[in-house]
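Take a look at the structure set out below.
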Amino acid sequence: MTDAARTTPDIALPDAKVAGKASGQKRKGFEVGSFPGLKTWTWVFFIYLYAPIVVLVVYSFNANNRAQKWTGFSTSWYAKAFSNDDIQSATINTLIVASAATVLATAMALLAALALARGGRFKGSTASLGLISLPLIVPEIATAVATLSFFVVIGIQFGLLTLIIAHTVFCIPFAFLPIRARLEGMDDTLEQAAMDLYASRWKAFRYVTFPLLLPGIVAGAMLSFIISVDDFIISLMVAGAGSTTLPLYIYGMIRVGISPEVNVISTVMLLISLVFITAYWLLTRGDDHTVH
Amino acid sequence: MKQVMKLAAASTVALGLAVSPATAAGELFLYNWTDYIDNTITDKFTKDTGIKVTLDTYDSNETLLAKLKSGATGYDLAVPSQNFVDIMIKEGMLIEVDVKSMPNYKHVADAFKKPSWDPEQKYSSPYQMGTTSYAVKKGSGAGQCASLKEFFEPNAAAKGKVGVFKTPEEVVNLAHIYLGQNFCTEKTDDLKAVQSLLQGQKSSVKVFSSEGTMDRLGDGVTLVSNAWNGDAMKRRLKDDTIQYCFPKEGVVGWFDSLVIPKGAKNVENAKTFMNWLMAPENMALLSNFANYANAIVGSDKYMTKDMASSPEVQVPSVPVKFGKSCGPKYTKAIDKIWTKLLQ
Amino acid sequence: MAVGAEQTRRTWWLLSPALLTVGFFMVLPMVILLVFSFMEADPYGGVDPGFTVEAYVQLLFERDFDDTLAYTGIYLGIIWRSIALALVATVGSLILGFPVAYYIARQNTRTQNLLLFLVTLPFWTNLLIRTYAWILILSTDGVIEQPLKAIGFLDGTLDMMYSNGAIAIGLIYTYLPLMVLPIYASMEKLDFRLIEAASDLYAGRYRVFREVIVPLSTPGIVAGCILVFVPSLGAFVAPDLLGGGRKLMLGSLIHLQFASSRNWPFGAAIAMCLLAIVMIALMLQARSSARRRAMEVA
């Protein structure tokens with residue numbers, strides 16, 4: 001999924017206010033410009049969007065061992081998947097990589113966002129912004145082979161470390177965008193006032209800016225986490241012995257064929273994504289400012 | 001906000017769990033073909049030795065070589081076929097282990113004690129052996145296992161229903177057999193003939209994949225498919241709707257070995273596994289799962305009835321030709337043919 | 001705000017971790033990839049020293065088995081297929097997504113937010129998993145075929161898997177939200193009084209659609225098309241899992257060169273082509289938005 005998200009610096013975030021709330025007026029009852037079938041079409045659209053997900057979840061409860069034939073309800077595949085050692089170690093790897101990449105990326109993104117939002121306009125600010133968003137623009141497969149080549153040149157052994165490095169890089173813009181959006185929405189007079197009172201820049205940040213910024217930071221961190229957990233193509237290229245992540249494990253199983261165990265892992269991963277994204281959505285909902 | 005904090009805390013705990021020390025006797029990172037080992041074998045190994053096995057899988061010798069070459073090191077054991085063992089030795093990618101000195105080496109059948117790819121058995125110990133050919137869906141009219149023609153020049157019933165392996169090595173060798181050519185031929189005419197044969201076959205191909213092939217055949221997604229004998233047997237035992245073919249022109253033979261790639265972190269554990277697997281009862285366990293023959297004397301005592309009577313394992317009187325490692329010129333030509341084929 | 005030298009220095013300090021990380025682990029790798037594309041291929045993987053443009057020559061010409069050069073359309077064919085499939089995905093998403101964006105833009109703010117959230121939600125779940133779901137649906141005896149067979153509507157199979165159509169469905173499904181969001185964004189700003197006025201003047205619905213709604217939402221359409229087109233072009237998962245490996249696309253071709261084909265320089269050269277196409281697409285978008293801005297000013 002990230003290879004898509006990557007090209008969308010300003011629109012793909014699940015931020016409902018992408019367009020700003022230019023016009024809050026109610027348009028209910030507005031009949032001019034309506035077209036027949038518009039509502040039906042929208043229904044079709046959402047069915048297309050959600051049907052595969054429903055199928056996936058339903059079939060994770062299939063009793064049959066060949067996933068696409070429905071033979072009865074069963075939770076046995078859940079028991080089987082949860083007791084599978086390989087799945088457990090893949091889950092642990094995924095969490096290690098995602099946690100590390102999230103912490104690193106969010107920290108760097110926070111500093112960068114503070115610099116760009118509070119540093120005023122300076123020579124190189126546009127270029128810096130471009131560089132930070134670069135991982136969003138380059139197609140993921142190109143990033144993957146470039147990273148692979150780089151690691152080969154410096155002669156590093158593939159494993160969790162290479163995965164963490166690669167993930168940190170592409171997580172930076174995802175952590176950066178919500179933080180910057182939040183910062184731009186914040187009035188800096190409070191901060192200025194605080195600085196006048198306390199005199200220390202650090203204290204002003206610690207006690208004024210940071211608490212106000214926290215929702216943005218958490219949102220950025222969650223976005224990074226989910227992007228890292230879901231990454232496949234880059235991981236495929238730079239993973240080594242014992243660093244198989246969940247998407248890589250799933251890929252290994254899908255290549256062989258359809259299995260209810262894949263549905264189980266998929267359903268669990270879906271749930272995790274949903275929880276995170278819903279939390280993200282709720283967190284940023286109050287933000288009137290957008291990610292531009 | 002509080003929930004978010006909880007989530008953060010949960011992942012921190014997970015992180016903490018993850019860095020807790022591994023099992024005392026250590027671990028073993030095994031890089032193996034998909035569906036070539038399962039936990040009945042690795043669990044027994046862990047029970048016998050205390051060493052924990054972590055498995056990653058690949059779909060072809062080519063992928064294995066590419067992965068190891070690209071720096072995906074750290075695997076303690078890999079399972080290449082004979083020609084790739086040869087390449088890996090020549091490329092200096094393997095650690096010397098001296099298999100001959102291992103206690104269980106005495107169980108290896110004499111015929112396999114001086115393999116041409118590693119005559120001194122410095123690097124490799126036996127894993128499994130088998131053949132590459134094709135299989136047909138019974139009663140579909142796609143073929144009677146008479147000739148490789150059924151695979152390369154499929155009849156009307158099989159049109160658009162052919163499954164072919166994803167990587168060229170074994171497919172091209174089968175083509176050489178069908179066309180009566182030598183393996184590794186660098187003759188322009190031979191290569192052109194292979195190319196036009198595969199191009200002609202492509203219009204009938206449903207899918208290029210080396211995994212899940214027999215399930216696709218059994219389910220009728222394909223009617224003729226590239227196959228390894230053990231894979232085909234596994235599916236036949238399930239519902240007896242497919243037949244593995246020994247066509248009159250012959251089949252490709254292969255012999256897979258365990259090797260220790262450079263960069264391995266647990267060399268001693270890898271050696272322990274090599275030795276452990278050469279014990280007849282353990283090798284039999286592997287053959288019972290993978291459904292391939294092996295080179296260990298006495299393992300047949302522990303094998304299932306199915307294995308003893310398997311028509312897939314007993315090769316009838318057709319030629320079996322083993323693939324060799326070929327020169328760079330040939331390798332490049334084949335790669336070109338393959339890329340052109342998949343374009 | 002006047003920017004003092006001290007502040008500038010602090011700004012750069014704060015920026016440096018992120019910039020250095022992206023620079024060192026993203027820009028430098030790209031440069032290495034560019035260098036690799038001019039090196040010789042090691043037949044067993046990796047590169048051998050020595051400068052050569054062979055990888056680029058290979059894009060257009062093939063060395064026959066006896067080493068003579070001849071023009072070949074193979075790779076142009078693959079590039080063309082990738083562009084064509086990416087275009088199909090783009091147009092498909094446009095047709096599917098445009099009316100929905102319009103519908104959403106006409107709801108009240110609350111409903112808008114909810115619908116937009118629902119549009120983006122699947123996008124944040126794993127790409128592999130979403131593609132896998134389509135295998136369940138399209139495969140022989142899958143979710144579509146089973147009920148059709150049960151009611152006697154279908155005998156045999158529809159053969160939907162492993163085709164260009166399956167790849168296109170997968171691509172559209174994957175990138176659809178990227179089409180809806182920007183179109184919605186441009187329509188959200190659209191002044192619906194214009195439509196009202198137009199309806200009063202022209203009366204015809206479809207004329208309003210053609211002459212008012214479409215022109216006014218053009219920026220969103222252009223952005224959406226770019227956002228769907230670019231990642232579709234480099235797609236790897238959909239052709240691999242839904243296409244059955246029969247039809248290479250740029251993404252799978254690059255992966256193949258670094259995996260089983262072991263021709264790194266060639267893979268690097270194709271990656272450079274992919275980047276070039278992406279840059280061209282982005283430049284076109286930048287130009288069109290610049291032109292629009294100029295027109296707005298005028």
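Identifiers for the structure tokens are assigned positionally: chains receive A, B, ... in sequence, residues are indexed from 1 per chain, and ligands are indexed from 1 in the order shown.
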key: Contact residues (chain C, partner chain B, 7 Å, only C-alpha atoms) as a PyMOL selection string   = chain C and resi 43+45-46+65-66+74+78+140+162+244-248+259-262
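Distances here use only C-alpha atoms; by that measure, the residue among B:Leu77, B:Leu55, B:Met283, B:Leu30 closest to Val259 (chain B) is B:Leu77.
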request  = If you run DSSP over the backbone, which residues in region 78-256 of chain A end up helix (DSSP H, G or I)? Put them as a VMD selection string.
outcome  = chain A and resid 78 to 82 85 to 118 125 to 137 140 to 154 160 to 185 189 to 198 201 to 230 233 to 238 246 to 256
Would you output that residue set with C-alpha atoms, as a CSV table (one decimal), in the first residue's frame?
```
chain,number,residue,atom,x,y,z
A,78,TYR,CA,-7.3,-18.8,14.6
A,79,ALA,CA,-6.1,-21.3,17.1
A,80,LYS,CA,-3.7,-22.7,14.6
A,81,ALA,CA,-2.3,-19.3,13.4
A,82,PHE,CA,-1.8,-18.1,17.0
A,85,ASP,CA,6.0,-20.3,15.8
A,86,ASP,CA,6.8,-18.7,12.5
A,87,ILE,CA,3.9,-16.3,12.6
A,88,GLN,CA,4.9,-15.4,16.2
A,89,SER,CA,8.4,-14.6,15.2
A,90,ALA,CA,7.3,-12.7,12.1
A,91,THR,CA,5.0,-10.7,14.3
A,92,ILE,CA,7.8,-9.9,16.8
A,93,ASN,CA,10.1,-8.9,13.9
A,94,THR,CA,7.3,-6.6,12.5
A,95,LEU,CA,6.8,-5.0,15.8
A,96,ILE,CA,10.5,-4.4,16.4
A,97,VAL,CA,11.0,-2.8,13.0
A,98,ALA,CA,7.9,-0.7,13.2
A,99,SER,CA,8.5,0.5,16.7
A,100,ALA,CA,12.1,1.4,16.0
A,101,ALA,CA,11.4,3.1,12.7
A,102,THR,CA,8.5,5.0,14.2
A,103,VAL,CA,10.5,6.3,17.1
A,104,LEU,CA,13.4,7.4,14.9
A,105,ALA,CA,11.2,8.8,12.1
A,106,THR,CA,8.9,10.7,14.4
A,107,ALA,CA,11.8,12.3,16.3
A,108,MET,CA,13.5,13.5,13.1
A,109,ALA,CA,10.2,14.6,11.6
A,110,LEU,CA,9.4,16.6,14.8
A,111,LEU,CA,12.7,18.5,14.6
A,112,ALA,CA,12.3,19.1,10.9
A,113,ALA,CA,8.7,20.3,11.3
A,114,LEU,CA,9.7,22.7,14.1
A,115,ALA,CA,12.5,24.0,11.9
A,116,LEU,CA,10.4,24.5,8.8
A,117,ALA,CA,7.3,25.9,10.6
A,118,ARG,CA,9.1,28.2,13.0
A,125,SER,CA,13.4,25.7,2.8
A,126,THR,CA,11.6,24.6,-0.3
A,127,ALA,CA,14.4,22.2,-1.2
A,128,SER,CA,14.4,20.8,2.3
A,129,LEU,CA,10.7,20.2,2.1
A,130,GLY,CA,11.2,18.5,-1.3
A,131,LEU,CA,13.9,16.2,0.1
A,132,ILE,CA,11.8,15.2,3.1
A,133,SER,CA,8.9,14.3,0.8
A,134,LEU,CA,11.1,12.5,-1.7
A,135,PRO,CA,10.2,9.0,-0.4
A,136,LEU,CA,6.6,9.8,-1.2
A,137,ILE,CA,7.3,10.5,-4.9
A,140,GLU,CA,8.5,2.0,-4.2
A,141,ILE,CA,10.2,-0.6,-6.4
A,142,ALA,CA,12.9,1.9,-7.4
A,143,THR,CA,13.5,2.8,-3.7
A,144,ALA,CA,13.7,-0.9,-3.0
A,145,VAL,CA,16.4,-1.8,-5.5
A,146,ALA,CA,18.3,1.4,-4.8
A,147,THR,CA,18.4,0.6,-1.1
A,148,LEU,CA,19.4,-3.0,-1.9
A,149,SER,CA,22.3,-1.7,-4.0
A,150,PHE,CA,23.4,0.7,-1.3
A,151,PHE,CA,23.5,-2.0,1.3
A,152,VAL,CA,25.5,-4.2,-1.0
A,153,VAL,CA,28.0,-1.4,-1.6
A,154,ILE,CA,28.6,-0.7,2.0
A,160,LEU,CA,16.6,-6.3,11.3
A,161,LEU,CA,19.0,-3.4,11.1
A,162,THR,CA,18.7,-2.9,7.4
A,163,LEU,CA,15.0,-3.2,7.6
A,164,ILE,CA,14.9,-0.5,10.4
A,165,ILE,CA,17.0,1.9,8.4
A,166,ALA,CA,15.0,1.5,5.2
A,167,HIS,CA,11.7,1.8,7.1
A,168,THR,CA,12.8,4.9,9.0
A,169,VAL,CA,13.5,6.7,5.7
A,170,PHE,CA,10.1,6.2,4.2
A,171,CYS,CA,8.3,6.8,7.5
A,172,ILE,CA,9.8,10.3,7.9
A,173,PRO,CA,7.4,12.1,5.5
A,174,PHE,CA,4.4,10.2,7.0
A,175,ALA,CA,5.4,11.4,10.5
A,176,PHE,CA,6.3,14.9,9.2
A,177,LEU,CA,3.0,15.8,7.5
A,178,PRO,CA,0.6,15.6,10.4
A,179,ILE,CA,3.1,17.3,12.8
A,180,ARG,CA,3.6,20.2,10.4
A,181,ALA,CA,-0.1,20.5,9.8
A,182,ARG,CA,-0.7,20.8,13.5
A,183,LEU,CA,2.1,23.3,13.9
A,184,GLU,CA,0.8,25.5,11.2
A,185,GLY,CA,-2.6,25.5,12.8
A,189,THR,CA,1.8,34.1,20.1
A,190,LEU,CA,1.4,31.8,23.1
A,191,GLU,CA,4.9,30.5,22.5
A,192,GLN,CA,6.2,34.0,22.1
A,193,ALA,CA,4.5,35.1,25.3
A,194,ALA,CA,5.9,32.1,27.1
A,195,MET,CA,9.3,33.0,25.9
A,196,ASP,CA,8.9,36.6,27.1
A,197,LEU,CA,8.0,35.2,30.5
A,198,TYR,CA,10.4,32.3,31.0
A,201,ARG,CA,13.4,28.5,24.6
A,202,TRP,CA,13.5,25.0,25.8
A,203,LYS,CA,11.0,25.7,28.6
A,204,ALA,CA,8.7,27.4,26.2
A,205,PHE,CA,8.8,24.3,24.0
A,206,ARG,CA,8.5,21.9,26.8
A,207,TYR,CA,5.6,23.5,28.6
A,208,VAL,CA,3.7,25.3,25.8
A,209,THR,CA,4.5,24.0,22.3
A,210,PHE,CA,4.9,20.3,23.1
A,211,PRO,CA,1.6,19.7,24.9
A,212,LEU,CA,-0.2,21.5,22.1
A,213,LEU,CA,1.7,19.6,19.5
A,214,LEU,CA,1.2,16.2,21.1
A,215,PRO,CA,-1.8,15.1,19.1
A,216,GLY,CA,0.1,15.9,15.9
A,217,ILE,CA,3.1,13.9,17.1
A,218,VAL,CA,1.0,10.9,18.1
A,219,ALA,CA,-0.8,11.0,14.8
A,220,GLY,CA,2.4,11.1,12.9
A,221,ALA,CA,3.8,8.3,14.9
A,222,MET,CA,0.8,6.2,14.3
A,223,LEU,CA,0.9,6.8,10.6
A,224,SER,CA,4.5,5.8,10.5
A,225,PHE,CA,3.8,2.7,12.5
A,226,ILE,CA,1.0,1.5,10.2
A,227,ILE,CA,3.1,2.3,7.1
A,228,SER,CA,6.0,0.3,8.4
A,229,VAL,CA,3.8,-2.7,9.5
A,230,ASP,CA,2.3,-2.8,6.0
A,233,ILE,CA,8.3,-4.5,-1.4
A,234,ILE,CA,11.2,-2.7,0.3
A,235,SER,CA,11.2,-5.4,3.0
A,236,LEU,CA,11.2,-8.1,0.4
A,237,MET,CA,14.5,-6.7,-1.0
A,238,VAL,CA,16.4,-6.0,2.2
A,246,LEU,CA,4.4,-10.5,8.6
A,247,PRO,CA,3.9,-9.2,5.0
A,248,LEU,CA,6.8,-11.3,3.9
A,249,TYR,CA,5.5,-14.3,5.6
A,250,ILE,CA,2.0,-13.7,4.1
A,251,TYR,CA,3.6,-13.4,0.7
A,252,GLY,CA,5.4,-16.7,1.1
A,253,MET,CA,2.1,-18.3,1.9
A,254,ILE,CA,0.1,-16.6,-0.9
A,255,ARG,CA,2.6,-17.7,-3.5
A,256,VAL,CA,1.8,-21.3,-2.6
```
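Our summary of the geometry notes that CA of Tyr123 (chain B) is positioned 25.7 Å from CA of Val47 (chain C).
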Using only C-alpha atoms, determine which residues lie at most 12 Å from Ser82 (chain C), disregarding the query and same-chain residues fewer than 4 positions distant; provide the list as a PDB file with N, CA and C atoms, in the first residue's frame.
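Final output, selection.pdb:
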```
ATOM      1  N   GLN B 343       7.780 -11.225 -21.573  1.00  0.00           N
ATOM      2  CA  GLN B 343       7.604  -9.791 -21.847  1.00  0.00           C
ATOM      3  C   GLN B 343       6.155  -9.338 -21.736  1.00  0.00           C
TER       4      GLN B 343
ATOM      5  N   TYR C  75      11.368  -4.615 -24.671  1.00  0.00           N
ATOM      6  CA  TYR C  75      11.283  -3.805 -23.457  1.00  0.00           C
ATOM      7  C   TYR C  75      10.402  -2.586 -23.661  1.00  0.00           C
ATOM      8  N   LEU C  76      10.456  -2.034 -24.878  1.00  0.00           N
ATOM      9  CA  LEU C  76       9.510  -0.963 -25.179  1.00  0.00           C
ATOM     10  C   LEU C  76       8.095  -1.507 -25.037  1.00  0.00           C
ATOM     11  N   GLY C  77       7.941  -2.776 -25.444  1.00  0.00           N
ATOM     12  CA  GLY C  77       6.634  -3.420 -25.313  1.00  0.00           C
ATOM     13  C   GLY C  77       6.192  -3.485 -23.859  1.00  0.00           C
ATOM     14  N   ILE C  78       7.145  -3.872 -22.988  1.00  0.00           N
ATOM     15  CA  ILE C  78       6.814  -3.968 -21.565  1.00  0.00           C
ATOM     16  C   ILE C  78       6.492  -2.583 -21.008  1.00  0.00           C
ATOM     17  N   ALA C  86      -1.525   1.014 -16.700  1.00  0.00           N
ATOM     18  CA  ALA C  86      -1.641   2.112 -15.749  1.00  0.00           C
ATOM     19  C   ALA C  86      -2.713   3.090 -16.217  1.00  0.00           C
ATOM     20  N   LEU C  87      -2.803   3.291 -17.554  1.00  0.00           N
ATOM     21  CA  LEU C  87      -3.843   4.176 -18.093  1.00  0.00           C
ATOM     22  C   LEU C  87      -5.232   3.589 -17.874  1.00  0.00           C
ATOM     23  N   VAL C  88      -5.347   2.273 -18.116  1.00  0.00           N
ATOM     24  CA  VAL C  88      -6.634   1.620 -17.881  1.00  0.00           C
ATOM     25  C   VAL C  88      -7.045   1.797 -16.424  1.00  0.00           C
ATOM     26  N   ALA C  89      -6.075   1.579 -15.525  1.00  0.00           N
ATOM     27  CA  ALA C  89      -6.367   1.743 -14.101  1.00  0.00           C
ATOM     28  C   ALA C  89      -6.793   3.183 -13.802  1.00  0.00           C
ATOM     29  N   THR C  90      -6.108   4.134 -14.458  1.00  0.00           N
ATOM     30  CA  THR C  90      -6.416   5.546 -14.219  1.00  0.00           C
ATOM     31  C   THR C  90      -7.821   5.881 -14.698  1.00  0.00           C
ATOM     32  N   ASN C 164      -4.975  -9.810 -17.850  1.00  0.00           N
ATOM     33  CA  ASN C 164      -4.800  -8.358 -17.772  1.00  0.00           C
ATOM     34  C   ASN C 164      -5.954  -7.718 -17.019  1.00  0.00           C
ATOM     35  N   ILE C 167      -5.371  -7.934 -13.374  1.00  0.00           N
ATOM     36  CA  ILE C 167      -4.372  -6.945 -12.947  1.00  0.00           C
ATOM     37  C   ILE C 167      -5.035  -5.576 -12.833  1.00  0.00           C
ATOM     38  N   ALA C 168      -5.826  -5.213 -13.850  1.00  0.00           N
ATOM     39  CA  ALA C 168      -6.456  -3.891 -13.854  1.00  0.00           C
ATOM     40  C   ALA C 168      -7.398  -3.738 -12.663  1.00  0.00           C
ATOM     41  N   LEU C 171      -5.324  -3.133  -9.647  1.00  0.00           N
ATOM     42  CA  LEU C 171      -4.731  -1.792  -9.621  1.00  0.00           C
ATOM     43  C   LEU C 171      -5.784  -0.740  -9.276  1.00  0.00           C
ATOM     44  N   PHE C 229      -1.821   6.997 -11.683  1.00  0.00           N
ATOM     45  CA  PHE C 229      -0.975   6.542 -12.779  1.00  0.00           C
ATOM     46  C   PHE C 229       0.429   6.174 -12.295  1.00  0.00           C
ATOM     47  N   VAL C 230       1.033   7.051 -11.504  1.00  0.00           N
ATOM     48  CA  VAL C 230       2.430   6.842 -11.115  1.00  0.00           C
ATOM     49  C   VAL C 230       2.661   5.538 -10.349  1.00  0.00           C
ATOM     50  N   PRO C 231       1.922   5.283  -9.261  1.00  0.00           N
ATOM     51  CA  PRO C 231       2.187   4.013  -8.572  1.00  0.00           C
ATOM     52  C   PRO C 231       1.757   2.790  -9.385  1.00  0.00           C
ATOM     53  N   SER C 232       0.732   2.924 -10.231  1.00  0.00           N
ATOM     54  CA  SER C 232       0.315   1.783 -11.056  1.00  0.00           C
ATOM     55  C   SER C 232       1.449   1.357 -11.981  1.00  0.00           C
ATOM     56  N   LEU C 233       2.169   2.355 -12.465  1.00  0.00           N
ATOM     57  CA  LEU C 233       3.254   2.105 -13.408  1.00  0.00           C
ATOM     58  C   LEU C 233       4.321   1.204 -12.800  1.00  0.00           C
ATOM     59  N   GLY C 234       4.623   1.419 -11.526  1.00  0.00           N
ATOM     60  CA  GLY C 234       5.681   0.634 -10.892  1.00  0.00           C
ATOM     61  C   GLY C 234       5.138  -0.540 -10.095  1.00  0.00           C
ATOM     62  N   ALA C 235       3.867  -0.881 -10.309  1.00  0.00           N
ATOM     63  CA  ALA C 235       3.247  -1.924  -9.494  1.00  0.00           C
ATOM     64  C   ALA C 235       3.976  -3.254  -9.636  1.00  0.00           C
ATOM     65  N   PHE C 236       4.028  -3.964  -8.546  1.00  0.00           N
ATOM     66  CA  PHE C 236       4.705  -5.254  -8.552  1.00  0.00           C
ATOM     67  C   PHE C 236       3.783  -6.357  -8.044  1.00  0.00           C
ATOM     68  N   ALA C 238       0.305  -6.610  -7.895  1.00  0.00           N
ATOM     69  CA  ALA C 238      -0.846  -7.008  -8.713  1.00  0.00           C
ATOM     70  C   ALA C 238      -0.437  -7.879  -9.905  1.00  0.00           C
ATOM     71  N   PRO C 239       0.560  -7.474 -10.719  1.00  0.00           N
ATOM     72  CA  PRO C 239       0.937  -8.351 -11.835  1.00  0.00           C
ATOM     73  C   PRO C 239       1.472  -9.689 -11.351  1.00  0.00           C
ATOM     74  N   LYS C 247       2.524 -11.656 -17.793  1.00  0.00           N
ATOM     75  CA  LYS C 247       2.675 -10.344 -18.405  1.00  0.00           C
ATOM     76  C   LYS C 247       3.524  -9.481 -17.494  1.00  0.00           C
ATOM     77  N   LEU C 248       4.735  -9.181 -17.916  1.00  0.00           N
ATOM     78  CA  LEU C 248       5.578  -8.358 -17.076  1.00  0.00           C
ATOM     79  C   LEU C 248       5.133  -6.908 -17.139  1.00  0.00           C
ATOM     80  N   MET C 249       5.268  -6.226 -15.997  1.00  0.00           N
ATOM     81  CA  MET C 249       5.139  -4.777 -16.000  1.00  0.00           C
ATOM     82  C   MET C 249       6.478  -4.232 -15.515  1.00  0.00           C
ATOM     83  N   LEU C 250       6.659  -2.929 -15.593  1.00  0.00           N
ATOM     84  CA  LEU C 250       7.951  -2.351 -15.224  1.00  0.00           C
ATOM     85  C   LEU C 250       8.412  -2.798 -13.837  1.00  0.00           C
ATOM     86  N   GLY C 251       7.497  -2.750 -12.882  1.00  0.00           N
ATOM     87  CA  GLY C 251       7.850  -3.123 -11.519  1.00  0.00           C
ATOM     88  C   GLY C 251       8.343  -4.558 -11.435  1.00  0.00           C
ATOM     89  N   SER C 252       7.613  -5.479 -12.088  1.00  0.00           N
ATOM     90  CA  SER C 252       8.018  -6.882 -12.024  1.00  0.00           C
ATOM     91  C   SER C 252       9.309  -7.110 -12.807  1.00  0.00           C
ATOM     92  N   LEU C 253       9.492  -6.353 -13.886  1.00  0.00           N
ATOM     93  CA  LEU C 253      10.719  -6.496 -14.686  1.00  0.00           C
ATOM     94  C   LEU C 253      11.939  -6.079 -13.860  1.00  0.00           C
ATOM     95  N   LEU C 274      11.911   4.217 -15.308  1.00  0.00           N
ATOM     96  CA  LEU C 274      10.686   4.390 -14.527  1.00  0.00           C
ATOM     97  C   LEU C 274      10.688   5.765 -13.855  1.00  0.00           C
ATOM     98  N   ILE C 277       9.980   8.491 -16.347  1.00  0.00           N
ATOM     99  CA  ILE C 277       8.562   8.603 -16.706  1.00  0.00           C
ATOM    100  C   ILE C 277       7.786   9.309 -15.590  1.00  0.00           C
TER     101      ILE C 277
END
```
ask   = Which residues come within 10 Å of region 50-52 of chain C, counting only C-alpha atoms, excluding same-chain residues fewer than 6 positions away, as an NGL selection string?
value = :C and (35-41 or 265)
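Using only C-alpha atoms, the protein and nucleic acid residues lying no more than 9 Å from region 209-215 of chain C, apart from those fewer than 5 places from it along its own chain, are A:Gly33, C:Met187, C:Leu190, C:Leu194, C:Ile195, C:Ala198, C:Gly204, C:Ile221.
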task = Mind listing the strand (DSSP E) residues of region 27-141 of chain C, per DSSP on the backbone, as a PyMOL selection string?
result = chain C and resi 39-41+47-51+61-63+69-71
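CA of Thr42 (chain A) is positioned 18.7 Å from CA of Tyr206 (chain C).
The shortest atom-to-atom distance to chain A, with only C-alpha atoms taken into account, belongs to B:Glu211 out of B:Thr49, B:Leu197, B:Met129, B:Glu211.
The two atoms in question, CA of Ile177 (chain B) and CA of Lys137 (chain B), are spaced 22.5 Å apart.
The residue set within 10 Å of Leu136 (chain C), counting only C-alpha atoms and dropping same-chain residues fewer than 4 places from it, reads Pro52, Val55, Leu56, Tyr59, Ala67, Gln68, Lys69, Ile258, Ser259 and Asn263 of chain A; Thr131, Tyr132, Thr140, Asp141, Gly142, Val143, Ile144 and Met161 of chain C.
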task = Mind checking which residues fall within 7 Å of Asp98 (chain B), counting only C-alpha atoms, ignoring those fewer than 3 positions away in the same chain, and posting them as a VMD selection string?
result = chain B and resid 101 121 to 123
Residue selection dump (N, CA and C atoms) as a PDB file, in the first residue's frame:
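The resulting file, part-v7.pdb, is reproduced below:
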```pdb
ATOM      1  N   SER B 101      33.721 -36.502   7.397  1.00  0.00           N
ATOM      2  CA  SER B 101      34.142 -36.847   8.761  1.00  0.00           C
ATOM      3  C   SER B 101      32.970 -36.934   9.734  1.00  0.00           C
ATOM      4  N   GLN B 121      33.152 -34.106  -1.093  1.00  0.00           N
ATOM      5  CA  GLN B 121      32.101 -33.819  -0.097  1.00  0.00           C
ATOM      6  C   GLN B 121      32.607 -32.832   0.969  1.00  0.00           C
ATOM      7  N   LYS B 122      33.283 -31.799   0.483  1.00  0.00           N
ATOM      8  CA  LYS B 122      33.803 -30.797   1.407  1.00  0.00           C
ATOM      9  C   LYS B 122      32.700 -29.844   1.844  1.00  0.00           C
ATOM     10  N   TYR B 123      31.715 -29.640   0.967  1.00  0.00           N
ATOM     11  CA  TYR B 123      30.748 -28.569   1.216  1.00  0.00           C
ATOM     12  C   TYR B 123      29.320 -29.051   1.414  1.00  0.00           C
TER      13      TYR B 123
END
```
